[in-house]
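**Q** Mind having a look at this structure? Questions to follow.
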There are 2 protein chains.
Amino acid sequence: MITMKEIAEQAGVSSATVSKILNDNDRYISSATRDRVMKIIKENNYIPNAVAKGLKVRRTNTIGFILPDISNPFFPEIARGIEDTAENYGFAVTFCDTDNDPKRELTSFNLLKSKMVDGIIFTRSLHDSNFDDYLADNLPIVVVDRRIDTEGRNIGKIMVDTRSAMHDATKLLIEKGCRRIAFIGAKNDFEDARYNGYLDALTEAGLDAEATLCYHDDYNVETGRAGVKEIFGVRMADGLVCGNDLIAVGAMAVLREMKLRVPEDIRVTGFDDIYFSRYLSPPLTTIKQPAYEMGRAAAHMLIQNIVNAEPLHTKKLDYTLIPREST
Amino acid sequence: MITMKEIAEQAGVSSATVSKILNDNDRYISSATRDRVMKIIKENNYIPNAVAKGLKVRRTNTIGFILPDISNPFFPEIARGIEDTAENYGFAVTFCDTDNDPKRELTSFNLLKSKMVDGIIFTRSLHDSNFDDYLADNLPIVVVDRRIDTEGRNIGKIMVDTRSAMHDATKLLIEKGCRRIAFIGAKNDFEDARYNGYLDALTEAGLDAEATLCYHDDYNVETGRAGVKEIFGVRMADGLVCGNDLIAVGAMAVLREMKLRVPEDIRVTGFDDIYFSRYLSPPLTTIKQPAYEMGRAAAHMLIQNIVNAEPLHTKKLDYTLIPREST
DNA sequence: TTGAAAGCGCTAACAC
DNA sequence: GTGTTAGCGCTTTCAA
């Protein structure tokens, strides 16, 4: 790897001059020397050393993305939105999976801080953790999550009103005539927006939420399987609201094994509209969160804060109820 | 962010001493000063600046992962394998999506080089590109791809014998009685292993590959849809071999619209065993590539090369034919 | 057992 | 228009 100093020597100028040319501070550079230097740069395929530059200017042009699990199909869409936006601004992004483990959250934050990232996009795990431990000095953070209280903290937030969304999904089942509606979701140390949205709709319709119709574990297929086995081992329901699409997948698989037909015997809704939901059998009615757009918005807000000092704030994106054949 | 120098001042030692303590070169450090220094480090939540260190020791403890598209469901599994392994070694990983664009491949390589990554894991796009342009000095590369000729180049390779795998899938259809077997795959500038595996099996069975039964575009759902419309608009087939699971998803969706039953009217196979294939209707017979394991193996080989100078080499992983109800 | 000093590759005053 | 210099935070001889 050739250095700026060597380029300067070959061109018979000082490295300060090369630096100015490279950073578009070349207002005061004669076009003769600029051309000569650029030629040598091209010939040598010179790539500036970004870590040396970063150390000097205290900006690395990289951001971190901390998330529970990239192999959960909801996240790659967000990741793609972040990546595309970051690339546009000339930023790189380094990923850290935490597996919902607060310890790994903390080590991820520290790893990224040690690498001097300019900011972090964070999707919190389900478990409680002392978020304030993560915050540092004035490292900008934008959170893709509605469960973090940003009040009084200088952090950005990209959110969707999941409580209202889940209310809408549940209400759809009620309108279709369901009267005994079960819920399978995730255990959650925070305010559980999805579960509360479900309760909102039941209350509004004068229906009772019975504990035996609810099951809480994690946002995965296995929870859907286990939930159906537990709930429907005890009593029947004519509707099932799932905390996300993965749960719905597991639930529908077990319902099929039980010879229960969807939607004839029981109507089912999901949440997220992951790519495959439309290809399930039957195609799944669900709530679309604009994942790609959430990623874009998060990266945009963060980088605008980094480069233009634009303030971090809370941005709310819209969800969409997508009716398909499972209801 | 407190620096090592400040820690040293607080402890009344030189920063050289602090450095030695932090890097386990503390054989010659009195336990008194070590304890005193460590106490101050703890108290201040000191995080060493990894970019300064990287500049000095010419190692950043980060690797790059260049891939076509993280939102293609085959890649997150690989990504997770890479991440987990990297984290184990204390490495970070920065991601670059290329969208199969050779220009973005090149800029990604240069971005990562400028950031002084210690190595790169690369999954090539479908399109041709002058791979040698990417190679630098002795930046270690491991490729997760069978289509790159590593002969004479010092690059590692993680591969699966996809040609043989596709032969097996096709052969399964033949054994089930299929005689007119169509193929939908991706356009490919290189040796097309999947397509050739399909041809191998036909030849072996004395069957003819007819051009009107083949369609090539890209590894996505839309290709599956378009392929079925084109092929089955012309003539019927009793078997369909798809280049990957996404293609099979699109193909089965259109077959259903055409009122063709799988597997009764036509047997279908996929490739990759992405997570959702088992939840399709009918569940998809496919070839499992051990994606997570491929990611692990790639990261392991790369990092072992970086930290222990273990040689890069070619590693072959096994595939598995997973019969489900689509055949 | 500890410290002084040089330097990784770059930028940013400031001087000329 | 261009060069000199100091220094970002760290590691690493080498000397003490």
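In the structure tokens, chains take the letters A, B, ... in the order shown, each chain's residues start at 1, and ligands count up from 1 in the order shown.
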I'd like the superposed chain B, fitted onto chain A by least squares over all Cα atoms in order, as a CSV table (one decimal) with C-alpha atoms, in the first residue's frame.
**A**
```csv
chain,number,residue,atom,x,y,z
B,1,MET,CA,0.0,0.0,-0.1
B,2,ILE,CA,1.5,3.3,-1.2
B,3,THR,CA,1.2,6.2,1.2
B,4,MET,CA,0.5,9.8,0.7
B,5,LYS,CA,4.0,10.7,1.6
B,6,GLU,CA,5.3,8.5,-1.2
B,7,ILE,CA,2.9,10.1,-3.7
B,8,ALA,CA,4.1,13.5,-2.6
B,9,GLU,CA,7.7,12.5,-3.1
B,10,GLN,CA,7.1,11.1,-6.6
B,11,ALA,CA,5.3,14.3,-7.5
B,12,GLY,CA,7.9,16.5,-5.9
B,13,VAL,CA,5.5,18.2,-3.5
B,14,SER,CA,4.8,18.0,0.2
B,15,SER,CA,2.2,15.6,1.6
B,16,ALA,CA,0.2,18.6,2.8
B,17,THR,CA,-0.3,19.5,-0.8
B,18,VAL,CA,-1.5,16.0,-1.7
B,19,SER,CA,-3.9,16.1,1.2
B,20,LYS,CA,-5.4,19.4,0.1
B,21,ILE,CA,-5.9,18.1,-3.4
B,22,LEU,CA,-7.6,15.0,-2.1
B,23,ASN,CA,-9.9,16.9,0.2
B,24,ASP,CA,-11.1,19.4,-2.4
B,25,ASN,CA,-9.3,22.2,-0.6
B,26,ASP,CA,-7.6,22.7,-3.9
B,27,ARG,CA,-8.8,26.2,-4.5
B,28,TYR,CA,-5.3,27.4,-3.9
B,29,ILE,CA,-3.5,24.7,-5.8
B,30,SER,CA,-2.2,25.4,-9.3
B,31,SER,CA,-3.8,23.1,-11.9
B,32,ALA,CA,-0.3,22.1,-13.0
B,33,THR,CA,0.6,20.5,-9.7
B,34,ARG,CA,-2.9,19.2,-9.2
B,35,ASP,CA,-2.8,17.4,-12.5
B,36,ARG,CA,0.7,16.0,-11.9
B,37,VAL,CA,-0.4,14.7,-8.4
B,38,MET,CA,-3.6,13.2,-9.7
B,39,LYS,CA,-1.8,11.4,-12.4
B,40,ILE,CA,0.6,9.8,-9.9
B,41,ILE,CA,-2.3,8.9,-7.7
B,42,LYS,CA,-4.1,7.1,-10.6
B,43,GLU,CA,-1.0,5.4,-11.8
B,44,ASN,CA,-0.3,3.9,-8.4
B,45,ASN,CA,-3.9,3.1,-7.5
B,46,TYR,CA,-3.4,5.0,-4.4
B,47,ILE,CA,-6.1,4.4,-1.8
B,48,PRO,CA,-6.0,6.9,1.1
B,49,ASN,CA,-5.6,5.3,4.5
B,50,ALA,CA,-9.0,5.9,6.2
B,51,VAL,CA,-7.9,4.8,9.6
B,52,ALA,CA,-5.0,7.3,9.7
B,53,LYS,CA,-7.4,10.0,8.5
B,54,GLY,CA,-10.0,8.9,11.0
B,55,LEU,CA,-7.6,9.1,13.9
B,56,LYS,CA,-6.7,12.6,12.9
B,57,VAL,CA,-10.1,14.1,12.1
B,58,ARG,CA,-12.0,12.1,14.7
B,59,ARG,CA,-14.4,10.8,12.1
B,60,THR,CA,-14.3,7.3,10.7
B,61,ASN,CA,-17.2,7.4,8.3
B,62,THR,CA,-18.5,4.2,9.6
B,63,ILE,CA,-21.6,3.5,11.7
B,64,GLY,CA,-22.5,0.5,13.7
B,65,PHE,CA,-25.7,-1.6,13.5
B,66,ILE,CA,-26.6,-3.5,16.6
B,67,LEU,CA,-29.4,-6.0,16.3
B,68,PRO,CA,-30.7,-9.2,17.8
B,69,ASP,CA,-30.2,-11.6,14.9
B,70,ILE,CA,-29.6,-11.0,11.2
B,71,SER,CA,-31.0,-14.4,10.4
B,72,ASN,CA,-34.5,-13.3,11.7
B,73,PRO,CA,-36.1,-12.4,8.3
B,74,PHE,CA,-37.4,-9.1,9.6
B,75,PHE,CA,-33.9,-7.6,9.9
B,76,PRO,CA,-32.2,-8.1,6.6
B,77,GLU,CA,-34.6,-5.7,5.0
B,78,ILE,CA,-33.8,-3.1,7.6
B,79,ALA,CA,-30.1,-3.9,7.1
B,80,ARG,CA,-30.4,-3.3,3.4
B,81,GLY,CA,-32.0,0.1,3.9
B,82,ILE,CA,-29.2,1.1,6.2
B,83,GLU,CA,-26.5,-0.2,3.9
B,84,ASP,CA,-27.9,1.5,0.8
B,85,THR,CA,-28.2,4.8,2.6
B,86,ALA,CA,-24.8,4.6,4.3
B,87,GLU,CA,-23.2,3.7,1.0
B,88,ASN,CA,-24.8,6.8,-0.6
B,89,TYR,CA,-23.1,8.9,2.0
B,90,GLY,CA,-19.8,7.1,1.7
B,91,PHE,CA,-20.2,5.4,5.1
B,92,ALA,CA,-19.5,1.8,5.9
B,93,VAL,CA,-21.5,-0.2,8.4
B,94,THR,CA,-20.4,-2.8,10.8
B,95,PHE,CA,-22.9,-5.3,12.2
B,96,CYS,CA,-23.2,-6.8,15.7
B,97,ASP,CA,-25.7,-9.5,16.5
B,98,THR,CA,-26.6,-9.8,20.2
B,99,ASP,CA,-29.0,-12.7,20.3
B,100,ASN,CA,-31.1,-10.7,22.7
B,101,ASP,CA,-28.4,-11.0,25.3
B,102,PRO,CA,-27.8,-7.7,27.2
B,103,LYS,CA,-24.2,-8.7,27.9
B,104,ARG,CA,-23.6,-8.9,24.2
B,105,GLU,CA,-25.4,-5.6,23.7
B,106,LEU,CA,-22.9,-4.0,26.0
B,107,THR,CA,-19.8,-5.6,24.5
B,108,SER,CA,-21.1,-4.6,21.0
B,109,PHE,CA,-21.4,-1.0,22.1
B,110,ASN,CA,-18.0,-1.1,23.5
B,111,LEU,CA,-16.5,-2.8,20.5
B,112,LEU,CA,-18.0,-0.1,18.3
B,113,LYS,CA,-16.9,2.7,20.5
B,114,SER,CA,-13.4,1.4,20.5
B,115,LYS,CA,-13.5,1.4,16.7
B,116,MET,CA,-14.6,5.0,16.8
B,117,VAL,CA,-17.8,4.6,14.9
B,118,ASP,CA,-19.5,7.9,14.3
B,119,GLY,CA,-22.9,6.7,15.4
B,120,ILE,CA,-24.9,3.6,16.1
B,121,ILE,CA,-28.3,2.2,15.0
B,122,PHE,CA,-29.7,0.1,17.7
B,123,THR,CA,-32.5,-2.4,17.7
B,124,ARG,CA,-33.0,-3.4,21.3
B,125,SER,CA,-33.4,-7.0,22.5
B,126,LEU,CA,-36.5,-8.1,24.3
B,127,HIS,CA,-34.8,-8.2,27.6
B,128,ASP,CA,-34.4,-5.4,30.0
B,129,SER,CA,-31.0,-3.8,30.3
B,130,ASN,CA,-29.6,-0.6,31.5
B,131,PHE,CA,-29.6,1.3,28.3
B,132,ASP,CA,-28.0,4.3,29.9
B,133,ASP,CA,-24.9,2.2,30.4
B,134,TYR,CA,-24.5,2.1,26.6
B,135,LEU,CA,-24.8,5.8,26.0
B,136,ALA,CA,-21.5,7.6,25.8
B,137,ASP,CA,-20.4,11.1,25.7
B,138,ASN,CA,-22.1,12.3,22.6
B,139,LEU,CA,-22.1,9.3,20.4
B,140,PRO,CA,-25.2,9.7,18.3
B,141,ILE,CA,-27.7,6.8,18.6
B,142,VAL,CA,-30.8,6.1,16.7
B,143,VAL,CA,-33.0,3.4,17.8
B,144,VAL,CA,-35.3,1.4,15.6
B,145,ASP,CA,-37.8,0.4,18.3
B,146,ARG,CA,-40.7,1.9,19.9
B,147,ARG,CA,-39.9,0.6,23.4
B,148,ILE,CA,-37.2,3.0,24.4
B,149,ASP,CA,-38.0,6.1,26.2
B,150,THR,CA,-36.2,8.9,24.4
B,151,GLU,CA,-37.5,11.6,26.6
B,152,GLY,CA,-34.7,13.7,27.9
B,153,ARG,CA,-32.1,11.7,26.0
B,154,ASN,CA,-30.4,12.9,22.9
B,155,ILE,CA,-31.2,9.8,20.8
B,156,GLY,CA,-33.2,9.4,17.6
B,157,LYS,CA,-36.0,7.0,17.2
B,158,ILE,CA,-37.7,5.3,14.2
B,159,MET,CA,-41.0,3.8,15.2
B,160,VAL,CA,-44.2,2.3,14.0
B,161,ASP,CA,-47.4,2.4,16.1
B,162,THR,CA,-47.5,-1.3,16.6
B,163,ARG,CA,-50.2,-1.0,19.3
B,164,SER,CA,-52.6,0.6,17.0
B,165,ALA,CA,-51.6,-1.8,14.2
B,166,MET,CA,-52.3,-4.8,16.4
B,167,HIS,CA,-55.6,-3.3,17.3
B,168,ASP,CA,-56.5,-3.1,13.6
B,169,ALA,CA,-55.5,-6.7,13.0
B,170,THR,CA,-57.6,-7.9,15.9
B,171,LYS,CA,-60.5,-5.7,14.9
B,172,LEU,CA,-60.4,-7.3,11.5
B,173,LEU,CA,-61.0,-10.7,13.1
B,174,ILE,CA,-63.8,-9.4,15.1
B,175,GLU,CA,-65.5,-7.9,12.1
B,176,LYS,CA,-65.2,-11.2,10.4
B,177,GLY,CA,-67.2,-12.7,13.2
B,178,CYS,CA,-64.6,-14.1,15.5
B,179,ARG,CA,-65.6,-14.1,19.2
B,180,ARG,CA,-62.9,-16.2,20.9
B,181,ILE,CA,-59.6,-14.8,19.8
B,182,ALA,CA,-56.4,-16.2,21.0
B,183,PHE,CA,-53.0,-14.4,21.2
B,184,ILE,CA,-49.5,-15.8,20.8
B,185,GLY,CA,-46.7,-13.3,21.3
B,186,ALA,CA,-43.3,-12.8,22.9
B,187,LYS,CA,-42.4,-12.3,26.5
B,188,ASN,CA,-41.4,-8.7,26.9
B,189,ASP,CA,-39.8,-6.8,29.7
B,190,PHE,CA,-41.2,-3.5,28.5
B,191,GLU,CA,-44.6,-2.1,27.6
B,192,ASP,CA,-46.0,-4.8,25.3
B,193,ALA,CA,-47.5,-2.8,22.5
B,194,ARG,CA,-48.6,-5.7,20.4
B,195,TYR,CA,-50.3,-7.5,23.2
B,196,ASN,CA,-52.0,-4.2,24.4
B,197,GLY,CA,-53.2,-3.5,20.9
B,198,TYR,CA,-54.9,-6.9,20.9
B,199,LEU,CA,-56.5,-6.2,24.3
B,200,ASP,CA,-57.6,-2.7,23.1
B,201,ALA,CA,-59.6,-4.3,20.3
B,202,LEU,CA,-61.2,-6.9,22.6
B,203,THR,CA,-62.2,-4.3,25.1
B,204,GLU,CA,-63.6,-2.0,22.4
B,205,ALA,CA,-65.8,-4.9,21.2
B,206,GLY,CA,-66.8,-5.9,24.7
B,207,LEU,CA,-65.0,-9.3,24.5
B,208,ASP,CA,-63.0,-10.8,27.3
B,209,ALA,CA,-59.3,-11.7,27.1
B,210,GLU,CA,-58.9,-15.0,28.8
B,211,ALA,CA,-55.5,-16.0,30.0
B,212,THR,CA,-55.9,-19.5,28.7
B,213,LEU,CA,-56.1,-18.0,25.2
B,214,CYS,CA,-52.8,-16.3,25.5
B,215,TYR,CA,-49.3,-17.6,25.2
B,216,HIS,CA,-46.0,-15.7,25.4
B,217,ASP,CA,-42.5,-16.7,24.6
B,218,ASP,CA,-40.3,-15.5,21.7
B,219,TYR,CA,-40.7,-14.1,18.2
B,220,ASN,CA,-40.0,-17.4,16.4
B,221,VAL,CA,-41.7,-20.3,14.8
B,222,GLU,CA,-41.3,-22.6,17.7
B,223,THR,CA,-43.3,-20.3,19.9
B,224,GLY,CA,-46.1,-20.5,17.3
B,225,ARG,CA,-46.0,-24.3,17.4
B,226,ALA,CA,-45.9,-24.4,21.2
B,227,GLY,CA,-48.6,-21.8,21.6
B,228,VAL,CA,-51.1,-23.5,19.5
B,229,LYS,CA,-50.5,-26.8,21.2
B,230,GLU,CA,-50.9,-25.3,24.6
B,231,ILE,CA,-53.9,-23.1,23.9
B,232,PHE,CA,-55.8,-25.4,21.6
B,233,GLY,CA,-55.1,-28.4,23.9
B,234,VAL,CA,-57.4,-26.6,26.4
B,235,ARG,CA,-60.1,-25.0,24.4
B,236,MET,CA,-61.0,-23.8,20.9
B,237,ALA,CA,-60.8,-20.4,19.5
B,238,ASP,CA,-62.1,-19.0,16.2
B,239,GLY,CA,-59.4,-16.4,15.8
B,240,LEU,CA,-55.7,-16.2,16.4
B,241,VAL,CA,-53.6,-13.1,16.6
B,242,CYS,CA,-49.8,-13.7,16.3
B,243,GLY,CA,-47.1,-11.4,17.5
B,244,ASN,CA,-45.2,-11.8,14.2
B,245,ASP,CA,-45.2,-13.7,11.0
B,246,LEU,CA,-42.8,-16.4,12.3
B,247,ILE,CA,-45.2,-17.2,15.1
B,248,ALA,CA,-48.0,-17.4,12.6
B,249,VAL,CA,-46.0,-19.8,10.4
B,250,GLY,CA,-45.5,-22.2,13.4
B,251,ALA,CA,-49.0,-21.8,14.5
B,252,MET,CA,-50.5,-22.6,11.0
B,253,ALA,CA,-48.3,-25.6,10.7
B,254,VAL,CA,-49.6,-27.1,13.9
B,255,LEU,CA,-53.2,-26.1,13.1
B,256,ARG,CA,-52.8,-28.1,9.8
B,257,GLU,CA,-51.5,-31.1,11.7
B,258,MET,CA,-54.6,-30.8,13.9
B,259,LYS,CA,-56.8,-30.8,10.8
B,260,LEU,CA,-58.0,-27.3,11.6
B,261,ARG,CA,-58.6,-25.3,8.4
B,262,VAL,CA,-57.5,-21.7,8.1
B,263,PRO,CA,-59.5,-19.5,7.7
B,264,GLU,CA,-62.7,-21.7,7.7
B,265,ASP,CA,-62.2,-23.0,11.3
B,266,ILE,CA,-59.9,-20.4,12.6
B,267,ARG,CA,-58.7,-17.0,11.2
B,268,VAL,CA,-55.1,-16.1,11.7
B,269,THR,CA,-53.1,-12.8,11.5
B,270,GLY,CA,-49.4,-12.2,11.6
B,271,PHE,CA,-47.2,-9.1,11.9
B,272,ASP,CA,-44.3,-7.7,9.9
B,273,ASP,CA,-45.2,-8.9,6.4
B,274,ILE,CA,-41.9,-10.7,5.9
B,275,TYR,CA,-41.3,-11.7,2.3
B,276,PHE,CA,-42.6,-15.2,2.6
B,277,SER,CA,-46.0,-14.4,4.2
B,278,ARG,CA,-47.6,-14.0,0.8
B,279,TYR,CA,-46.4,-17.5,-0.2
B,280,LEU,CA,-47.7,-19.4,2.8
B,281,SER,CA,-50.7,-21.5,2.4
B,282,PRO,CA,-53.0,-19.8,2.9
B,283,PRO,CA,-51.3,-16.5,2.3
B,284,LEU,CA,-51.1,-14.7,5.6
B,285,THR,CA,-53.0,-11.6,6.6
B,286,THR,CA,-50.5,-9.4,8.3
B,287,ILE,CA,-49.3,-5.9,9.2
B,288,LYS,CA,-46.6,-4.6,7.0
B,289,GLN,CA,-43.9,-2.6,8.8
B,290,PRO,CA,-41.9,-0.7,6.2
B,291,ALA,CA,-38.6,-2.4,7.2
B,292,TYR,CA,-36.5,-1.2,4.3
B,293,GLU,CA,-37.8,2.3,4.8
B,294,MET,CA,-37.1,2.1,8.5
B,295,GLY,CA,-33.5,1.2,7.8
B,296,ARG,CA,-33.2,4.1,5.3
B,297,ALA,CA,-34.8,6.6,7.7
B,298,ALA,CA,-32.6,5.5,10.6
B,299,ALA,CA,-29.4,5.7,8.6
B,300,HIS,CA,-30.4,9.0,7.1
B,301,MET,CA,-31.2,10.6,10.4
B,302,LEU,CA,-28.0,9.3,12.0
B,303,ILE,CA,-25.7,10.4,9.2
B,304,GLN,CA,-27.4,13.8,8.8
B,305,ASN,CA,-26.7,14.3,12.5
B,306,ILE,CA,-23.1,13.2,12.1
B,307,VAL,CA,-22.3,15.3,9.0
B,308,ASN,CA,-24.6,18.3,9.3
B,309,ALA,CA,-25.4,18.3,13.0
B,310,GLU,CA,-29.1,18.0,12.2
B,311,PRO,CA,-30.9,17.1,15.4
B,312,LEU,CA,-32.0,13.6,16.3
B,313,HIS,CA,-35.7,13.2,16.7
B,314,THR,CA,-38.5,10.7,16.7
B,315,LYS,CA,-39.9,9.7,13.4
B,316,LYS,CA,-43.1,7.7,13.0
B,317,LEU,CA,-43.6,5.5,10.0
B,318,ASP,CA,-46.9,4.1,8.8
B,319,TYR,CA,-48.0,0.5,8.9
B,320,THR,CA,-50.4,-1.2,6.5
B,321,LEU,CA,-52.9,-3.9,7.2
B,322,ILE,CA,-52.5,-6.4,4.4
B,323,PRO,CA,-55.6,-8.7,4.1
B,324,ARG,CA,-54.9,-12.1,2.6
B,325,GLU,CA,-56.6,-15.4,2.6
B,326,SER,CA,-55.8,-16.5,6.2
B,327,THR,CA,-58.7,-14.3,7.4
```
**Q** Determine which residues of stretch 18-210 of chain B DSSP labels as helix (DSSP H, G or I) from the backbone of this structure, then write them out as an NGL selection string.
**A** :B and (18-22 or 26-28 or 31-43 or 50-57 or 75-88 or 102-114 or 131-134 or 162-175 or 193-204)
**Q** Write out, as an mmCIF file, in the first residue's frame, the residues just selected, with C-alpha atoms.
**A**
```cif
data_model
loop_
_atom_site.group_PDB
_atom_site.id
_atom_site.type_symbol
_atom_site.label_atom_id
_atom_site.label_comp_id
_atom_site.auth_asym_id
_atom_site.auth_seq_id
_atom_site.Cartn_x
_atom_site.Cartn_y
_atom_site.Cartn_z
ATOM 1 C CA VAL B 18 -0.291 1.110 30.649
ATOM 2 C CA SER B 19 0.063 -0.300 27.170
ATOM 3 C CA LYS B 20 2.092 -3.218 28.430
ATOM 4 C CA ILE B 21 -0.444 -3.979 31.105
ATOM 5 C CA LEU B 22 -3.277 -3.913 28.608
ATOM 6 C CA ASP B 26 2.889 -7.498 32.066
ATOM 7 C CA ARG B 27 5.375 -10.149 32.937
ATOM 8 C CA TYR B 28 7.724 -7.409 34.012
ATOM 9 C CA SER B 31 1.619 -6.247 40.681
ATOM 10 C CA ALA B 32 1.382 -3.046 42.692
ATOM 11 C CA THR B 33 1.428 -0.767 39.676
ATOM 12 C CA ARG B 34 -0.660 -3.196 37.650
ATOM 13 C CA ASP B 35 -3.377 -3.152 40.277
ATOM 14 C CA ARG B 36 -3.247 0.601 40.567
ATOM 15 C CA VAL B 37 -3.488 1.069 36.812
ATOM 16 C CA MET B 38 -6.273 -1.462 36.391
ATOM 17 C CA LYS B 39 -8.254 0.240 39.116
ATOM 18 C CA ILE B 40 -8.070 3.556 37.331
ATOM 19 C CA ILE B 41 -8.987 1.920 34.031
ATOM 20 C CA LYS B 42 -12.083 0.404 35.615
ATOM 21 C CA GLU B 43 -13.082 3.584 37.373
ATOM 22 C CA ALA B 50 -8.742 0.585 18.420
ATOM 23 C CA VAL B 51 -8.123 2.819 15.449
ATOM 24 C CA ALA B 52 -4.993 4.324 16.948
ATOM 25 C CA LYS B 53 -3.845 0.849 17.828
ATOM 26 C CA GLY B 54 -4.710 -0.408 14.371
ATOM 27 C CA LEU B 55 -2.726 2.330 12.724
ATOM 28 C CA LYS B 56 0.262 1.459 14.820
ATOM 29 C CA VAL B 57 0.225 -2.319 14.654
ATOM 30 C CA PHE B 75 -27.160 -14.824 2.937
ATOM 31 C CA PRO B 76 -28.252 -13.963 6.462
ATOM 32 C CA GLU B 77 -27.419 -17.492 7.554
ATOM 33 C CA ILE B 78 -23.926 -17.170 6.152
ATOM 34 C CA ALA B 79 -23.643 -13.735 7.699
ATOM 35 C CA ARG B 80 -24.586 -15.122 11.075
ATOM 36 C CA GLY B 81 -21.949 -17.817 10.831
ATOM 37 C CA ILE B 82 -19.350 -15.206 9.987
ATOM 38 C CA GLU B 83 -20.457 -12.860 12.772
ATOM 39 C CA ASP B 84 -20.487 -15.494 15.471
ATOM 40 C CA THR B 85 -17.051 -16.736 14.554
ATOM 41 C CA ALA B 86 -15.604 -13.254 14.192
ATOM 42 C CA GLU B 87 -16.991 -12.231 17.545
ATOM 43 C CA ASN B 88 -15.362 -15.242 19.099
ATOM 44 C CA PRO B 102 -19.146 -5.363 -10.551
ATOM 45 C CA LYS B 103 -18.669 -1.618 -10.090
ATOM 46 C CA ARG B 104 -19.963 -1.880 -6.564
ATOM 47 C CA GLU B 105 -17.762 -4.906 -6.005
ATOM 48 C CA LEU B 106 -14.743 -2.814 -6.836
ATOM 49 C CA THR B 107 -15.771 0.157 -4.725
ATOM 50 C CA SER B 108 -16.524 -2.191 -1.844
ATOM 51 C CA PHE B 109 -13.074 -3.722 -2.037
ATOM 52 C CA ASN B 110 -11.516 -0.279 -2.115
ATOM 53 C CA LEU B 111 -13.639 0.977 0.753
ATOM 54 C CA LEU B 112 -12.593 -1.978 2.857
ATOM 55 C CA LYS B 113 -8.951 -1.627 1.899
ATOM 56 C CA SER B 114 -8.999 2.032 2.857
ATOM 57 C CA PHE B 131 -11.416 -10.416 -10.004
ATOM 58 C CA ASP B 132 -7.693 -9.810 -10.145
ATOM 59 C CA ASP B 133 -8.363 -6.079 -9.957
ATOM 60 C CA TYR B 134 -9.724 -6.646 -6.488
ATOM 61 C CA THR B 162 -23.480 -27.848 -6.490
ATOM 62 C CA ARG B 163 -23.146 -29.643 -9.787
ATOM 63 C CA SER B 164 -23.297 -33.005 -8.131
ATOM 64 C CA ALA B 165 -26.096 -31.775 -5.877
ATOM 65 C CA MET B 166 -28.210 -30.682 -8.795
ATOM 66 C CA HIS B 167 -27.531 -33.990 -10.473
ATOM 67 C CA ASP B 168 -28.941 -35.725 -7.413
ATOM 68 C CA ALA B 169 -32.050 -33.550 -7.350
ATOM 69 C CA THR B 170 -32.729 -34.162 -11.015
ATOM 70 C CA LYS B 171 -32.088 -37.841 -10.628
ATOM 71 C CA LEU B 172 -34.679 -37.964 -7.870
ATOM 72 C CA LEU B 173 -37.284 -36.648 -10.298
ATOM 73 C CA ILE B 174 -36.254 -39.226 -12.870
ATOM 74 C CA GLU B 175 -36.561 -42.013 -10.328
ATOM 75 C CA ALA B 193 -22.677 -25.791 -12.153
ATOM 76 C CA ARG B 194 -26.348 -26.068 -11.338
ATOM 77 C CA TYR B 195 -27.444 -26.211 -14.927
ATOM 78 C CA ASN B 196 -24.714 -28.684 -15.769
ATOM 79 C CA GLY B 197 -25.710 -30.940 -12.898
ATOM 80 C CA TYR B 198 -29.213 -30.999 -14.315
ATOM 81 C CA LEU B 199 -27.846 -31.882 -17.763
ATOM 82 C CA ASP B 200 -25.622 -34.576 -16.252
ATOM 83 C CA ALA B 201 -28.612 -36.389 -14.821
ATOM 84 C CA LEU B 202 -30.616 -36.135 -18.043
ATOM 85 C CA THR B 203 -27.718 -37.485 -20.082
ATOM 86 C CA GLU B 204 -27.139 -40.296 -17.647
#
```
**Q** I'd like to know which residues of stretch 78-245 of chain B are strand (DSSP E or B) (by DSSP, run on the backbone); could you write them as a PyMOL selection string?
**A** chain B and resi 92-97+119-122+141-144+156-160+181-186+214-217+239-242
**Q** Check which residues of chain D sit at most 7 Å from chain A using only C-alpha atoms (C1' of nucleotides), and return one row each with the closest pair of atoms and their distance in Å to one decimal, ordered by chain and rising number, as CSV.
**A**
```
residue,atom,partner,partner_atom,distance
D:DG1,C1',A:Ile29,CA,5.6
D:DT2,C1',A:Thr17,CA,6.8
D:DG3,C1',A:Ser14,CA,6.2
D:DC8,C1',A:Lys56,CA,4.4
```
**Q** Could you take the residues named above and write them with C-alpha atoms (C1' of nucleotides), as a PDB file, in the first residue's frame?
**A**
```pdb
ATOM      1  C1'  DG D   1       0.343  28.278  -4.039  1.00  0.00           C
ATOM      2  C1'  DT D   2       3.148  25.378  -1.286  1.00  0.00           C
ATOM      3  C1'  DG D   3       5.776  23.581   2.729  1.00  0.00           C
ATOM      4  C1'  DC D   8      -4.479  12.256  16.690  1.00  0.00           C
TER       5       DC D   8
END
```
**Q** Show me, as CSV, the residues of chain C having an atom within 10 Å of chain B, each with the closest atom pair and its distance in Å, using only C-alpha atoms (C1' of nucleotides).
**A**
```
residue,atom,partner,partner_atom,distance
C:DT1,C1',B:Tyr28,CA,5.7
C:DT2,C1',B:Thr17,CA,6.9
C:DG3,C1',B:Ser14,CA,6.2
C:DA4,C1',B:Ser14,CA,9.3
C:DG7,C1',B:Lys56,CA,8.3
C:DC8,C1',B:Lys56,CA,4.5
C:DG9,C1',B:Leu55,CA,7.8
```
